[in-house]
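The next block holds one structure in the form of structure tokens; read it before the comments.
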Amino acid sequence: MSHPKAFNIDSQCIIGGDFPLIIAGPCVVESAELVLETAWALKEITNRLGLPFVFKSSYDKANRTSHRSFRSIGFEPALKILARVREDVNIPVLTDVHETSQVMAVMEVADIIQIPAFLCRQTDLIQTVARSGRVVNIKKGQFMAPEDMKFAVEKVTDTGNQRVFLTERGSSFGYHNLVVDMRSLVIMRQFAPVVFDLTHSVQMPGGMNGRSGGQREFAPYLARAAAAVGVDGFFMETHPNPEKALSDGPNMVPLSEISALLESLLEIWKVSRPYWESASLSPVA
């Protein structure tokens with residue numbers, strides 16, 4: 001049984017359908033070579049497993065801990081590379097925006113426009129993205145209760161755009177640490193399809209002398225738990241060599257490990273799905 005708010009991202013890719021959506025790619029556009037290598041590899045893996053796939057990478061990391069950290073190769077060059085992924089690899093693309101002024105340019109290259117977790121309460125940004133007609137992914141803020149994400153979804157749907165989903169990426173637990181409350185997946189799935197972000201959930205924000213750390217070794221464990229609880233997709237950042245990545249290396253999954261990880265997630269997801277799809281729990285009125 002599909003999610004009642006399931007929808008197509010493009011003619012061949014659906015979220016909330018009979019298979020979990022995979023959103024994956026390097027944290028930030030570092031170069032055309034890296035992005036295209038990763039995109040082709042991920043397409044081959046997901047095609048082999050029969051999984052819908054959206055490529056993800058940011059053209060700019062506007063929320064780095066320190067302004068001295070790498071942000072972007074440039075707005076226009078990065079968008080051109082994402083356009084090549086969409087056209088040459090022939091897959092949908094997701095990227096995030098930080099300002100309303102960026103939306104018109106981004107909508108030309110992205111099938112899904114993402115609202116970063118830190119900006120999930122920014123009404124003008126959310127509704128500008130919604131009016132673009134693109135699919136909207138809103139990341140739950142590390143500071144947000146899952147039931148309050150209902151109102152973020154309504155900011156999108158009240159513009160007439162019904163294609164919106166939510167992404168769980170952990171909640172702040174003291175300083176420099178995140179935890180995942182698996183109840184949030186159940187709660188938020190009442191409002192829209194839900195994706196679990198396994199790599200940002202193991203991020204350790206700040207705490208490394210102006211950089212964020214992470215514990216990528218725990219990402220598969222949290223992802224398998226989310227597959228059992230019930231989600232409509234998985235979000236993961238990956239890199240051929242995370243140790244040399246220019247952003248979020250400590251929490252990214254090595255590209256060489258993605259195939260085995262997806263195989264395990266798909267197996268658990270298939271076995272668990274009849275149970276969580278038939279559940280009648282309604283924790284939010």
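FYI, nothing fancy with the structure tokens labels: chains A, B, ... in order, residues from 1 per chain, ligands from 1 as they appear.
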
- Item | Those of stretch 94-252 of chain A in DSSP alpha helix (DSSP H), formatted as a PyMOL selection string | chain A and resi 103-106+123-131+149-157+183-188+219-229

- Tell me which protein, DNA and RNA residues are within 12 Å of A:Arg121, counting only C-alpha atoms, leaving out same-chain ones fewer than 2 positions away, and put them as a ChimeraX atom specification. /A:115-119,123-127,138-145,148-156

- Neighbour list for A:Ala32 as a PyMOL selection string, cut-off 9 Å, only C-alpha atoms, skip fewer than 3 positions in-chain: chain A and resi 29+35-37+78+81-82+84

Would you save the residues of that selection, restricted to C-alpha atoms, as a PDB file, in the first residue's frame?
ATOM      1  CA  VAL A  29      29.665  20.076  -5.772  1.00  0.00           C
ATOM      2  CA  VAL A  35      29.926  14.654  -9.298  1.00  0.00           C
ATOM      3  CA  LEU A  36      29.540  12.747 -12.562  1.00  0.00           C
ATOM      4  CA  GLU A  37      31.574   9.769 -11.336  1.00  0.00           C
ATOM      5  CA  ALA A  78      28.006  24.410  -9.652  1.00  0.00           C
ATOM      6  CA  ILE A  81      27.387  20.717 -13.227  1.00  0.00           C
ATOM      7  CA  LEU A  82      24.068  19.733 -11.653  1.00  0.00           C
ATOM      8  CA  ARG A  84      24.869  18.026 -16.643  1.00  0.00           C
TER       9      ARG A  84
END

Can you tell me, as an mmCIF file with C-alpha atoms, in the first residue's frame, what residues are no more than 7 Å from stretch 55-60 of chain A when counting only C-alpha atoms, ignoring any on the same chain fewer than 2 positions away?
data_model
loop_
_atom_site.group_PDB
_atom_site.id
_atom_site.type_symbol
_atom_site.label_atom_id
_atom_site.label_comp_id
_atom_site.auth_asym_id
_atom_site.auth_seq_id
_atom_site.Cartn_x
_atom_site.Cartn_y
_atom_site.Cartn_z
ATOM 1 C CA ILE A 23 18.471 10.352 -2.469
ATOM 2 C CA ALA A 24 22.256 10.295 -2.562
ATOM 3 C CA GLY A 25 25.360 12.135 -3.664
ATOM 4 C CA PRO A 26 28.327 14.124 -2.363
ATOM 5 C CA CYS A 27 27.636 16.857 0.184
ATOM 6 C CA VAL A 28 28.774 19.669 -2.099
ATOM 7 C CA VAL A 29 29.665 20.076 -5.772
ATOM 8 C CA ALA A 39 26.144 10.024 -10.154
ATOM 9 C CA PHE A 53 16.958 7.425 -7.403
ATOM 10 C CA ALA A 62 25.969 28.547 3.310
ATOM 11 C CA ARG A 71 31.582 26.693 0.502
ATOM 12 C CA SER A 72 31.343 26.449 -3.264
ATOM 13 C CA PHE A 75 26.980 29.538 -7.915
ATOM 14 C CA ALA A 78 28.006 24.410 -9.652
ATOM 15 C CA LEU A 79 24.514 24.721 -11.121
ATOM 16 C CA ILE A 91 18.278 11.301 -13.399
ATOM 17 C CA PRO A 92 16.360 13.753 -11.210
ATOM 18 C CA VAL A 93 18.399 16.219 -9.144
ATOM 19 C CA LEU A 94 17.913 17.640 -5.642
ATOM 20 C CA THR A 95 19.715 20.656 -4.267
ATOM 21 C CA ASP A 96 19.013 23.133 -1.474
#

- Message: Need to verify the contact set: A:Val194, 9 Å, only C-alpha atoms, exclusion of same-chain residues closer than 6 positions in sequence. Can you return it as an MDAnalysis selection string?
- Response: chainID A and resid 15:16 165:168 185:186 188 230:234
